[in-house]
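With CSV, C-alpha atoms inside, this is data.csv:
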```csv
chain,number,residue,atom,x,y,z
A,1,MET,CA,-108.5,28.3,-47.8
A,2,ASP,CA,-105.9,28.2,-45.1
A,3,ASN,CA,-102.2,28.4,-46.0
A,4,PHE,CA,-101.2,25.0,-47.3
A,5,ILE,CA,-98.3,23.5,-45.4
A,6,ILE,CA,-96.2,20.6,-46.6
A,7,THR,CA,-94.3,19.0,-43.8
A,8,ILE,CA,-91.4,16.7,-44.5
A,9,SER,CA,-90.0,14.2,-42.0
A,10,ARG,CA,-87.0,12.2,-43.1
A,11,GLU,CA,-84.4,9.6,-42.4
A,12,PHE,CA,-80.9,10.9,-42.2
A,13,GLY,CA,-79.3,10.7,-45.6
A,14,SER,CA,-82.5,10.2,-47.5
A,15,GLY,CA,-82.3,13.7,-49.1
A,16,GLY,CA,-85.5,14.9,-47.3
A,17,ARG,CA,-84.1,18.4,-46.9
A,18,LYS,CA,-83.0,18.7,-50.6
A,19,ILE,CA,-86.4,17.4,-51.6
A,20,GLY,CA,-88.2,19.9,-49.4
A,21,GLU,CA,-86.2,22.7,-50.9
A,22,GLY,CA,-87.1,21.4,-54.4
A,23,VAL,CA,-90.8,21.2,-53.6
A,24,ALA,CA,-90.9,24.7,-52.1
A,25,LYS,CA,-89.0,26.2,-55.1
A,26,LYS,CA,-91.2,24.6,-57.7
A,27,LEU,CA,-94.4,25.6,-55.9
A,28,GLY,CA,-93.2,29.1,-55.0
A,29,PHE,CA,-93.7,28.3,-51.3
A,30,ASN,CA,-91.6,29.5,-48.4
A,31,TYR,CA,-89.1,27.0,-47.2
A,32,TYR,CA,-88.2,26.6,-43.5
A,33,ASP,CA,-85.5,24.4,-42.0
A,34,LYS,CA,-82.5,26.1,-40.4
A,35,ALA,CA,-84.6,29.3,-40.2
A,36,ILE,CA,-86.6,27.6,-37.4
A,37,ILE,CA,-83.4,27.5,-35.3
A,38,ASP,CA,-82.8,31.2,-35.8
A,39,GLU,CA,-86.3,32.1,-34.9
A,40,ALA,CA,-86.2,29.8,-31.9
A,41,ALA,CA,-82.9,31.4,-30.8
A,42,GLU,CA,-84.4,34.8,-30.9
A,43,GLU,CA,-87.5,33.7,-29.0
A,44,SER,CA,-85.6,31.7,-26.3
A,45,GLY,CA,-82.5,33.8,-25.8
A,46,LEU,CA,-80.4,30.7,-26.5
A,47,SER,CA,-77.8,30.9,-29.3
A,48,ALA,CA,-78.6,29.4,-32.7
A,49,GLU,CA,-75.3,27.5,-32.5
A,50,PHE,CA,-76.3,25.9,-29.1
A,51,ILE,CA,-79.7,24.9,-30.5
A,52,ALA,CA,-78.2,23.4,-33.6
A,53,LYS,CA,-75.8,21.4,-31.6
A,54,GLU,CA,-78.4,20.3,-29.1
A,55,GLU,CA,-80.7,19.1,-31.9
A,56,GLN,CA,-78.2,16.5,-32.8
A,57,THR,CA,-78.1,15.0,-29.4
A,58,PHE,CA,-81.7,15.6,-28.2
A,59,SER,CA,-82.1,12.0,-27.1
A,60,ASN,CA,-79.5,12.4,-24.4
A,61,SER,CA,-81.2,15.5,-23.0
A,62,ILE,CA,-84.5,13.7,-23.2
A,63,LEU,CA,-83.2,10.8,-21.2
A,64,PHE,CA,-81.9,13.3,-18.7
A,65,ASN,CA,-85.3,14.9,-18.7
A,66,LEU,CA,-87.0,11.6,-18.0
A,67,ALA,CA,-84.5,10.7,-15.3
A,68,THR,CA,-85.0,14.0,-13.5
A,69,SER,CA,-88.8,13.9,-14.1
A,70,GLY,CA,-89.0,17.1,-16.1
A,71,GLY,CA,-85.7,18.5,-15.1
A,72,SER,CA,-84.8,21.7,-13.5
A,73,PHE,CA,-81.5,22.6,-15.1
A,74,GLY,CA,-82.9,25.0,-17.6
A,75,VAL,CA,-84.9,28.2,-17.8
A,76,GLY,CA,-88.0,28.9,-15.7
A,77,GLY,CA,-88.5,25.4,-14.4
A,78,THR,CA,-88.4,23.7,-17.8
A,79,SER,CA,-85.4,22.0,-19.1
A,80,LEU,CA,-83.4,23.5,-22.0
A,81,VAL,CA,-84.6,20.8,-24.4
A,82,ASP,CA,-88.2,21.6,-23.5
A,83,LYS,CA,-87.4,25.3,-24.0
A,84,ILE,CA,-86.0,24.5,-27.5
A,85,TYR,CA,-89.1,22.5,-28.3
A,86,VAL,CA,-91.5,25.2,-27.2
A,87,SER,CA,-89.5,27.9,-29.1
A,88,GLU,CA,-89.3,25.9,-32.3
A,89,SER,CA,-93.0,25.1,-32.2
A,90,LYS,CA,-93.8,28.8,-31.8
A,91,ALA,CA,-91.5,29.6,-34.8
A,92,ILE,CA,-93.2,26.8,-36.8
A,93,LYS,CA,-96.7,28.2,-36.1
A,94,ASP,CA,-95.5,31.8,-36.9
A,95,PHE,CA,-94.1,30.6,-40.3
A,96,ALA,CA,-97.3,28.7,-41.0
A,97,ASP,CA,-99.3,31.9,-40.4
A,98,LYS,CA,-97.2,33.8,-42.9
A,99,GLY,CA,-98.1,31.8,-46.0
A,100,SER,CA,-98.1,28.4,-47.7
A,101,CYS,CA,-94.7,26.7,-47.0
A,102,VAL,CA,-92.6,23.6,-46.8
A,103,ILE,CA,-91.3,22.8,-43.3
A,104,VAL,CA,-88.6,20.1,-42.8
A,105,GLY,CA,-88.3,18.2,-39.5
A,106,ARG,CA,-88.8,19.5,-36.0
A,107,CYS,CA,-92.2,17.8,-35.4
A,108,ALA,CA,-93.9,20.2,-37.7
A,109,ASP,CA,-96.6,17.6,-38.7
A,110,TYR,CA,-97.5,17.3,-35.0
A,111,VAL,CA,-97.2,21.0,-34.1
A,112,LEU,CA,-99.4,21.9,-37.0
A,113,ARG,CA,-101.8,19.0,-36.7
A,114,ASP,CA,-104.9,21.2,-36.7
A,115,ARG,CA,-103.8,23.1,-39.8
A,116,ASN,CA,-104.1,22.3,-43.5
A,117,CYS,CA,-101.0,20.1,-43.8
A,118,PHE,CA,-99.8,17.5,-46.3
A,119,ASN,CA,-97.4,15.2,-44.3
A,120,VAL,CA,-94.7,13.3,-46.1
A,121,PHE,CA,-92.1,10.9,-44.7
A,122,VAL,CA,-88.9,10.4,-46.9
A,123,TYR,CA,-86.8,7.3,-46.4
A,124,ALA,CA,-84.4,5.3,-48.5
A,125,ASP,CA,-82.3,2.2,-48.7
A,126,GLU,CA,-79.1,2.0,-46.6
A,127,ASP,CA,-76.8,2.2,-49.6
A,128,PHE,CA,-78.5,5.2,-51.1
A,129,LYS,CA,-78.3,7.1,-47.8
A,130,LYS,CA,-74.6,6.1,-47.2
A,131,LYS,CA,-73.7,7.4,-50.6
A,132,ARG,CA,-75.3,10.7,-50.0
A,133,ILE,CA,-73.8,11.1,-46.6
A,134,VAL,CA,-70.3,10.7,-48.0
A,135,GLU,CA,-70.8,12.5,-51.3
A,136,GLU,CA,-73.2,15.2,-50.4
A,137,TYR,CA,-72.6,15.8,-46.7
A,138,GLY,CA,-68.9,15.1,-46.8
A,139,TYR,CA,-68.7,12.6,-43.9
A,140,PRO,CA,-66.1,9.8,-44.1
A,141,GLN,CA,-67.4,6.4,-45.4
A,142,LYS,CA,-66.5,4.7,-42.2
A,143,ASP,CA,-68.9,6.9,-40.2
A,144,ALA,CA,-71.9,6.6,-42.5
A,145,ALA,CA,-73.7,3.6,-41.0
A,146,LYS,CA,-73.2,4.8,-37.4
A,147,LEU,CA,-74.4,8.3,-38.3
A,148,ILE,CA,-77.6,6.9,-39.9
A,149,LYS,CA,-78.3,4.9,-36.7
A,150,THR,CA,-77.6,7.7,-34.2
A,151,ARG,CA,-79.2,10.6,-36.1
A,152,ASP,CA,-82.4,8.6,-36.8
A,153,LYS,CA,-82.5,7.4,-33.2
A,154,THR,CA,-82.3,11.0,-32.0
A,155,ARG,CA,-85.0,12.1,-34.4
A,156,ALA,CA,-87.3,9.2,-33.3
A,157,ARG,CA,-86.7,9.7,-29.6
A,158,HIS,CA,-87.3,13.5,-29.9
A,159,TYR,CA,-90.5,13.0,-31.9
A,160,ASN,CA,-91.9,10.2,-29.8
A,161,TYR,CA,-91.2,12.1,-26.6
A,162,TYR,CA,-92.9,15.4,-27.6
A,163,CYS,CA,-95.6,14.3,-30.1
A,164,ASP,CA,-97.3,11.3,-28.5
A,165,ARG,CA,-96.9,9.6,-31.9
A,166,ILE,CA,-94.3,7.2,-33.4
A,167,TRP,CA,-91.8,8.7,-35.8
A,168,GLY,CA,-92.1,7.2,-39.3
A,169,GLU,CA,-95.4,5.3,-38.5
A,170,ARG,CA,-97.4,5.4,-41.6
A,171,LYS,CA,-100.7,6.5,-40.1
A,172,ASN,CA,-99.1,9.9,-39.3
A,173,TYR,CA,-98.4,10.7,-43.0
A,174,HIS,CA,-100.2,11.0,-46.3
A,175,LEU,CA,-97.3,9.6,-48.2
A,176,LEU,CA,-94.1,7.7,-47.4
A,177,ILE,CA,-91.7,7.8,-50.3
A,178,ASN,CA,-88.4,5.9,-50.9
A,179,SER,CA,-86.3,8.6,-52.4
A,180,GLY,CA,-83.7,6.2,-53.7
A,181,ALA,CA,-86.2,4.5,-55.9
A,182,TYR,CA,-86.9,7.6,-57.9
A,183,GLY,CA,-84.0,10.0,-57.3
A,184,ILE,CA,-84.2,13.4,-55.6
A,185,GLU,CA,-85.7,15.3,-58.6
A,186,GLU,CA,-88.4,12.9,-59.4
A,187,ALA,CA,-89.3,12.5,-55.7
A,188,VAL,CA,-89.9,16.2,-55.7
A,189,ASN,CA,-92.3,15.9,-58.6
A,190,LEU,CA,-94.1,12.9,-57.0
A,191,ILE,CA,-94.6,14.8,-53.8
A,192,ILE,CA,-95.9,17.9,-55.6
A,193,ASP,CA,-98.4,15.8,-57.6
A,194,SER,CA,-99.5,14.0,-54.5
A,195,ALA,CA,-100.0,17.2,-52.6
A,196,LYS,CA,-102.0,18.8,-55.3
A,197,ILE,CA,-104.3,15.7,-55.6
A,198,TYR,CA,-104.6,15.6,-51.8
A,199,GLN,CA,-105.6,19.3,-51.7
A,200,LYS,CA,-108.1,18.8,-54.6
A,201,ASN,CA,-109.6,15.7,-52.9
A,202,LYS,CA,-110.0,17.6,-49.7
A,203,GLU,CA,-111.9,20.4,-51.4
A,204,LYS,CA,-114.5,18.0,-52.8
B,205,MET,CA,-86.1,-6.3,-69.5
B,206,ASP,CA,-87.8,-8.7,-67.2
B,207,ASN,CA,-91.6,-8.7,-66.8
B,208,PHE,CA,-92.4,-5.8,-64.5
B,209,ILE,CA,-94.4,-6.7,-61.4
B,210,ILE,CA,-96.3,-4.3,-59.2
B,211,THR,CA,-97.1,-5.9,-55.9
B,212,ILE,CA,-99.7,-4.4,-53.6
B,213,SER,CA,-99.9,-5.1,-49.9
B,214,ARG,CA,-102.7,-3.4,-48.1
B,215,GLU,CA,-104.6,-2.8,-44.9
B,216,PHE,CA,-108.1,-4.3,-44.8
B,217,GLY,CA,-110.6,-1.7,-46.0
B,218,SER,CA,-108.0,0.6,-47.6
B,219,GLY,CA,-109.1,-0.3,-51.2
B,220,GLY,CA,-105.8,-2.0,-52.1
B,221,ARG,CA,-107.5,-4.6,-54.2
B,222,LYS,CA,-109.6,-2.1,-56.1
B,223,ILE,CA,-106.5,0.1,-56.6
B,224,GLY,CA,-104.6,-3.0,-57.9
B,225,GLU,CA,-107.3,-3.7,-60.4
B,226,GLY,CA,-107.3,-0.1,-61.5
B,227,VAL,CA,-103.5,-0.1,-61.9
B,228,ALA,CA,-103.6,-3.3,-64.0
B,229,LYS,CA,-106.4,-2.1,-66.2
B,230,LYS,CA,-104.8,1.2,-67.0
B,231,LEU,CA,-101.4,-0.4,-67.7
B,232,GLY,CA,-102.8,-3.3,-69.6
B,233,PHE,CA,-101.1,-5.7,-67.1
B,234,ASN,CA,-102.5,-9.0,-65.9
B,235,TYR,CA,-104.1,-8.8,-62.5
B,236,TYR,CA,-103.9,-11.6,-59.9
B,237,ASP,CA,-105.7,-11.8,-56.6
B,238,LYS,CA,-108.2,-14.6,-56.2
B,239,ALA,CA,-106.6,-16.4,-59.2
B,240,ILE,CA,-103.7,-17.2,-56.9
B,241,ILE,CA,-106.1,-19.3,-54.8
B,242,ASP,CA,-107.5,-21.2,-57.8
B,243,GLU,CA,-103.9,-22.0,-59.0
B,244,ALA,CA,-102.8,-23.0,-55.5
B,245,ALA,CA,-105.9,-25.2,-55.2
B,246,GLU,CA,-105.0,-27.0,-58.4
B,247,GLU,CA,-101.3,-27.3,-57.3
B,248,SER,CA,-102.1,-28.5,-53.8
B,249,GLY,CA,-105.2,-30.6,-54.2
B,250,LEU,CA,-106.9,-28.5,-51.6
B,251,SER,CA,-110.2,-26.9,-52.5
B,252,ALA,CA,-110.2,-23.2,-53.4
B,253,GLU,CA,-113.0,-22.7,-50.8
B,254,PHE,CA,-110.8,-24.2,-48.1
B,255,ILE,CA,-107.8,-22.0,-49.0
B,256,ALA,CA,-109.9,-18.9,-49.1
B,257,LYS,CA,-111.4,-19.6,-45.7
B,258,GLU,CA,-108.0,-20.6,-44.3
B,259,GLU,CA,-106.5,-17.3,-45.6
B,260,GLN,CA,-108.7,-15.4,-43.3
B,261,THR,CA,-107.6,-17.2,-40.2
B,262,PHE,CA,-104.0,-17.9,-41.1
B,263,SER,CA,-102.8,-16.6,-37.8
B,264,ASN,CA,-104.5,-19.3,-35.8
B,265,SER,CA,-102.9,-22.0,-38.0
B,266,ILE,CA,-99.6,-20.4,-37.7
B,267,LEU,CA,-99.9,-20.3,-33.9
B,268,PHE,CA,-100.8,-24.0,-34.1
B,269,ASN,CA,-97.7,-24.5,-36.3
B,270,LEU,CA,-95.5,-22.8,-33.8
B,271,ALA,CA,-97.0,-24.8,-30.9
B,272,THR,CA,-96.4,-28.1,-32.7
B,273,SER,CA,-93.0,-27.1,-34.1
B,274,GLY,CA,-93.8,-27.3,-37.7
B,275,GLY,CA,-96.9,-29.4,-37.3
B,276,SER,CA,-97.7,-32.8,-38.7
B,277,PHE,CA,-101.4,-32.5,-39.3
B,278,GLY,CA,-101.1,-31.7,-43.0
B,279,VAL,CA,-99.8,-33.2,-46.2
B,280,GLY,CA,-96.4,-34.8,-46.6
B,281,GLY,CA,-95.0,-33.7,-43.3
B,282,THR,CA,-95.8,-30.0,-43.7
B,283,SER,CA,-98.8,-28.4,-42.1
B,284,LEU,CA,-101.7,-27.3,-44.3
B,285,VAL,CA,-100.9,-23.6,-43.9
B,286,ASP,CA,-97.3,-24.3,-45.0
B,287,LYS,CA,-98.7,-26.2,-48.0
B,288,ILE,CA,-100.9,-23.3,-48.9
B,289,TYR,CA,-98.0,-20.9,-48.6
B,290,VAL,CA,-95.8,-23.1,-50.9
B,291,SER,CA,-98.6,-23.5,-53.5
B,292,GLU,CA,-99.5,-19.9,-53.5
B,293,SER,CA,-95.8,-18.9,-53.9
B,294,LYS,CA,-95.5,-21.3,-56.9
B,295,ALA,CA,-98.6,-19.7,-58.4
B,296,ILE,CA,-97.2,-16.2,-57.9
B,297,LYS,CA,-93.9,-17.2,-59.6
B,298,ASP,CA,-95.8,-18.8,-62.5
B,299,PHE,CA,-97.9,-15.7,-63.0
B,300,ALA,CA,-94.8,-13.4,-62.9
B,301,ASP,CA,-93.2,-15.6,-65.6
B,302,LYS,CA,-96.2,-15.1,-67.9
B,303,GLY,CA,-96.0,-11.3,-68.3
B,304,SER,CA,-96.0,-7.9,-66.5
B,305,CYS,CA,-98.7,-7.9,-63.8
B,306,VAL,CA,-100.2,-6.6,-60.6
B,307,ILE,CA,-100.3,-9.0,-57.7
B,308,VAL,CA,-102.3,-8.2,-54.6
B,309,GLY,CA,-101.3,-9.7,-51.2
B,310,ARG,CA,-100.0,-13.1,-50.4
B,311,CYS,CA,-96.4,-12.1,-49.7
B,312,ALA,CA,-95.8,-11.4,-53.4
B,313,ASP,CA,-93.2,-8.7,-52.7
B,314,TYR,CA,-91.2,-11.3,-50.7
B,315,VAL,CA,-91.8,-14.3,-53.0
B,316,LEU,CA,-90.7,-12.2,-56.0
B,317,ARG,CA,-87.9,-10.4,-54.2
B,318,ASP,CA,-85.3,-11.2,-56.9
B,319,ARG,CA,-87.5,-10.1,-59.7
B,320,ASN,CA,-88.2,-6.7,-61.2
B,321,CYS,CA,-90.8,-5.6,-58.7
B,322,PHE,CA,-92.3,-2.3,-57.6
B,323,ASN,CA,-93.7,-2.8,-54.2
B,324,VAL,CA,-96.5,-0.6,-52.8
B,325,PHE,CA,-98.3,-0.6,-49.4
B,326,VAL,CA,-101.7,0.9,-49.3
B,327,TYR,CA,-103.1,2.1,-46.0
B,328,ALA,CA,-105.8,4.6,-44.8
B,329,ASP,CA,-107.3,6.3,-41.9
B,330,GLU,CA,-109.7,4.3,-39.7
B,331,ASP,CA,-112.8,6.2,-40.8
B,332,PHE,CA,-112.1,5.8,-44.5
B,333,LYS,CA,-111.6,2.0,-44.0
B,334,LYS,CA,-114.7,1.6,-41.9
B,335,LYS,CA,-116.8,3.5,-44.5
B,336,ARG,CA,-115.6,1.2,-47.3
B,337,ILE,CA,-116.0,-2.0,-45.2
B,338,VAL,CA,-119.7,-1.1,-44.7
B,339,GLU,CA,-120.5,0.5,-48.1
B,340,GLU,CA,-118.3,-1.6,-50.5
B,341,TYR,CA,-117.9,-4.9,-48.7
B,342,GLY,CA,-121.4,-4.9,-47.1
B,343,TYR,CA,-120.4,-5.7,-43.5
B,344,PRO,CA,-122.4,-4.3,-40.6
B,345,GLN,CA,-121.1,-1.0,-39.1
B,346,LYS,CA,-120.7,-2.6,-35.7
B,347,ASP,CA,-118.2,-5.2,-37.0
B,348,ALA,CA,-116.0,-2.8,-39.0
B,349,ALA,CA,-113.5,-1.9,-36.3
B,350,LYS,CA,-113.0,-5.5,-35.2
B,351,LEU,CA,-112.7,-6.7,-38.8
B,352,ILE,CA,-109.9,-4.2,-39.4
B,353,LYS,CA,-108.1,-5.3,-36.4
B,354,THR,CA,-108.4,-9.1,-36.9
B,355,ARG,CA,-107.8,-9.1,-40.7
B,356,ASP,CA,-104.7,-6.9,-40.4
B,357,LYS,CA,-103.4,-9.0,-37.5
B,358,THR,CA,-103.8,-12.1,-39.6
B,359,ARG,CA,-102.1,-10.5,-42.6
B,360,ALA,CA,-99.2,-9.3,-40.5
B,361,ARG,CA,-98.7,-12.6,-38.7
B,362,HIS,CA,-98.8,-14.6,-41.9
B,363,TYR,CA,-96.3,-12.2,-43.6
B,364,ASN,CA,-93.9,-11.9,-40.7
B,365,TYR,CA,-94.0,-15.7,-40.2
B,366,TYR,CA,-93.1,-16.6,-43.8
B,367,CYS,CA,-91.2,-13.6,-45.1
B,368,ASP,CA,-88.7,-12.8,-42.3
B,369,ARG,CA,-89.8,-9.2,-42.7
B,370,ILE,CA,-92.3,-6.9,-41.0
B,371,TRP,CA,-95.6,-6.4,-42.7
B,372,GLY,CA,-96.0,-2.7,-43.5
B,373,GLU,CA,-92.5,-1.7,-42.5
B,374,ARG,CA,-91.5,1.1,-44.9
B,375,LYS,CA,-88.1,-0.4,-45.9
B,376,ASN,CA,-89.9,-3.3,-47.7
B,377,TYR,CA,-91.7,-1.0,-50.1
B,378,HIS,CA,-91.0,1.7,-52.7
B,379,LEU,CA,-94.1,3.7,-51.8
B,380,LEU,CA,-96.6,3.7,-49.0
B,381,ILE,CA,-99.8,5.5,-49.9
B,382,ASN,CA,-102.7,6.7,-47.8
B,383,SER,CA,-105.6,5.9,-50.2
B,384,GLY,CA,-108.1,8.0,-48.2
B,385,ALA,CA,-106.0,11.1,-48.8
B,386,TYR,CA,-106.4,10.9,-52.6
B,387,GLY,CA,-109.4,8.6,-53.2
B,388,ILE,CA,-109.1,5.3,-55.0
B,389,GLU,CA,-108.9,6.6,-58.6
B,390,GLU,CA,-106.2,9.1,-57.9
B,391,ALA,CA,-104.3,6.6,-55.8
B,392,VAL,CA,-104.3,4.4,-59.0
B,393,ASN,CA,-102.8,7.3,-61.0
B,394,LEU,CA,-100.1,8.1,-58.4
B,395,ILE,CA,-99.0,4.5,-58.2
B,396,ILE,CA,-98.8,4.3,-62.0
B,397,ASP,CA,-96.7,7.5,-62.1
B,398,SER,CA,-94.4,6.3,-59.3
B,399,ALA,CA,-94.0,2.9,-60.9
B,400,LYS,CA,-93.1,4.4,-64.3
B,401,ILE,CA,-90.5,6.8,-62.7
B,402,TYR,CA,-89.1,3.9,-60.6
B,403,GLN,CA,-88.7,1.8,-63.8
B,404,LYS,CA,-87.1,4.7,-65.7
B,405,ASN,CA,-84.7,5.5,-62.7
B,406,LYS,CA,-83.7,1.8,-62.6
B,407,GLU,CA,-82.8,1.8,-66.3
B,408,LYS,CA,-80.4,4.7,-65.9
```
Structure rendered as structure tokens:
Amino acid sequence: MDNFIITISREFGSGGRKIGEGVAKKLGFNYYDKAIIDEAAEESGLSAEFIAKEEQTFSNSILFNLATSGGSFGVGGTSLVDKIYVSESKAIKDFADKGSCVIVGRCADYVLRDRNCFNVFVYADEDFKKKRIVEEYGYPQKDAAKLIKTRDKTRARHYNYYCDRIWGERKNYHLLINSGAYGIEEAVNLIIDSAKIYQKNKEK
Amino acid sequence: MDNFIITISREFGSGGRKIGEGVAKKLGFNYYDKAIIDEAAEESGLSAEFIAKEEQTFSNSILFNLATSGGSFGVGGTSLVDKIYVSESKAIKDFADKGSCVIVGRCADYVLRDRNCFNVFVYADEDFKKKRIVEEYGYPQKDAAKLIKTRDKTRARHYNYYCDRIWGERKNYHLLINSGAYGIEEAVNLIIDSAKIYQKNKEK
């Protein structure tokens, strides 16, 4: 059996990262999130700080990309945002080769579409996300609503641009789970149970 | 605690009805699907056969409704399709009053939006649905793809028209589950587990 990969896509503030960490810890799987940036930095020659910052405004770069028909402001004929996508995708494939793991964000479900993946989308009600953004991430209350809108827009635009799929569209996932309905810890348990059943059903 | 209602919305062929029956049976809940039609028939004076047939082509009636600005071809100033919606909604509320239950389709998540509901959306991959449509429902293979398209379009248009929400949009549900990834029986178990955790989390 191939390495088993659980990919987690998530709305900003829904706790997807924390849930991913919890799933990996309980299953004894590797966990990749920020490590993808470090690996992509090494691969691309760009700094990790630059990539991390760029990730939060991908959509602007993509619009620039579209406006310039592929762009020519980057490295080797591709734009910087293309370069980041390619480097991150390579990092994701390398990680998937190493062993069973949980990967959060960065189009992993698409990048690994031919592997043995269980794809989850984590979302939540506005109030649940706002509360977490203030209490867990430390942003001011007044910025929470705008942050949800802009970060999710960035994620969607980046995903839709590179993956030829719609971010959050149910058909791309095996499970879409409203984390606020269960709480983070129980969402972890439900995802693990679902992933195990999925794997067992596939082996039939 | 109010009666606990599990509503199941579903793509045509995904097995949502069978899953709903399974959930109700295992929990010892009442189950309502076709019974809503019988109750609505009694309430409206329309025949159950007429309502059942009308349900499969709601979208045409709704388009007629829109074209005639509310229509006047029905009973008491409302169109027949409005009359069916009102009667079915009344039946759904009556059933919800009677005890904890599972209700499949017919905008129950919206009709009961102020009650203690756990709302699930069941979907599946095209191949899984086609196989079920042929093997379980007995339709010819050649019609399966078209049936999926037209039935889901009808369901979506009916829901969007009456509920001021988008059919299948994740924010309207607590869980969206790809039944083909787990199989019908395990989808039943996952929904029951999720519903129990949801209920427990709500009581905190």
Go through chain A residue by residue and, counting only C-alpha atoms, keep those with an atom at most 10 Å from chain B; for each kept residue give the shortest atom pair and its distance in Å to one decimal, ordered by chain and increasing number, as CSV.
```
residue,atom,partner,partner_atom,distance
A:Phe118,CA,B:Ala385,CA,9.3
A:Phe121,CA,B:Leu380,CA,9.5
A:Val122,CA,B:Leu379,CA,9.8
A:Tyr123,CA,B:Lys375,CA,7.8
A:Ala124,CA,B:Lys375,CA,7.3
A:Asp125,CA,B:Lys375,CA,6.9
A:Glu126,CA,B:Lys375,CA,9.3
A:Gly168,CA,B:Arg374,CA,8.3
A:Glu169,CA,B:Glu373,CA,8.6
A:Arg170,CA,B:Leu380,CA,7.6
A:Lys171,CA,B:Asp329,CA,6.8
A:Asn172,CA,B:Asp329,CA,9.3
A:Tyr173,CA,B:Asn382,CA,7.6
A:His174,CA,B:Asn382,CA,5.2
A:Leu175,CA,B:Ile381,CA,5.1
A:Leu176,CA,B:Leu380,CA,5.0
A:Ile177,CA,B:Leu379,CA,5.0
A:Asn178,CA,B:His378,CA,5.3
A:Ser179,CA,B:His378,CA,8.4
A:Gly180,CA,B:His378,CA,8.6
A:Ala181,CA,B:Tyr402,CA,5.6
A:Tyr182,CA,B:Tyr402,CA,5.1
A:Gly183,CA,B:Asn405,CA,7.1
A:Glu186,CA,B:Ile401,CA,7.2
A:Ala187,CA,B:Ser398,CA,8.8
A:Asn189,CA,B:Ser398,CA,9.9
A:Leu190,CA,B:Ser398,CA,7.0
A:Ile191,CA,B:Leu394,CA,9.8
A:Asp193,CA,B:Leu394,CA,7.9
A:Ser194,CA,B:Leu394,CA,7.1
A:Ala195,CA,B:Tyr386,CA,9.0
A:Lys196,CA,B:Tyr386,CA,9.4
A:Ile197,CA,B:Tyr386,CA,6.0
A:Tyr198,CA,B:Tyr386,CA,5.1
A:Gln199,CA,B:Tyr386,CA,8.5
A:Lys200,CA,B:Tyr386,CA,8.3
A:Asn201,CA,B:Tyr386,CA,5.8
A:Lys202,CA,B:Ala385,CA,7.7
```
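Rounded to one decimal, atom CA of Gly105 of chain A and atom CA of Gly28 of chain A lie 19.6 Å from each other.
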Among A:Pro140, A:Gly20, A:Asp2, A:Ile166, Glu203 of chain A is approached most closely, using all atoms listed in the file, by A:Asp2
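Atom to atom, atom CA of Tyr137 of chain A and atom CA of Gly13 of chain A stand 8.5 Å apart.
Distance annotation: of B:Leu316, B:Ile240, B:Val227, B:Ile352, the residue with the minimal separation from Phe332 of chain B is B:Ile352; atom set is only C-alpha atoms.
Taking atom CA of Ser14 of chain A and atom CA of Asn160 of chain A as the two end points, the separation is 20.0 Å.
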Within 12 Å of (-112.3, -19.0, -57.9) (coordinates as in the file), grab all the protein and nucleic acid residues, counting all atoms listed in the file, and write them out as a count of residues only. 17
Write out as a PyMOL selection string each polymer residue whose atoms come within 12 Å of Ala96 of chain A, counting only C-alpha atoms; drop sequence neighbours fewer than 3 positions from it. chain A and resi 2-7+29-32+36+89-93+99-103+108-109+111-117
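With distances restricted to all atoms listed in the file, A:Asn119 is the closest residue to Val104 of chain A from A:Ala145, A:Arg151, A:Asn119, A:Lys204.
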Point out the residue among A:Leu46, A:Val134, A:Ala144, A:Cys107 with the least atom-to-atom distance to Cys163 of chain A, counting only C-alpha atoms. A:Cys107
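Distances from A:Asp143, A:Asp127, A:Glu43, A:Asp82 to Tyr161 of chain A were compared using only C-alpha atoms, and the smallest one belongs to A:Asp82.
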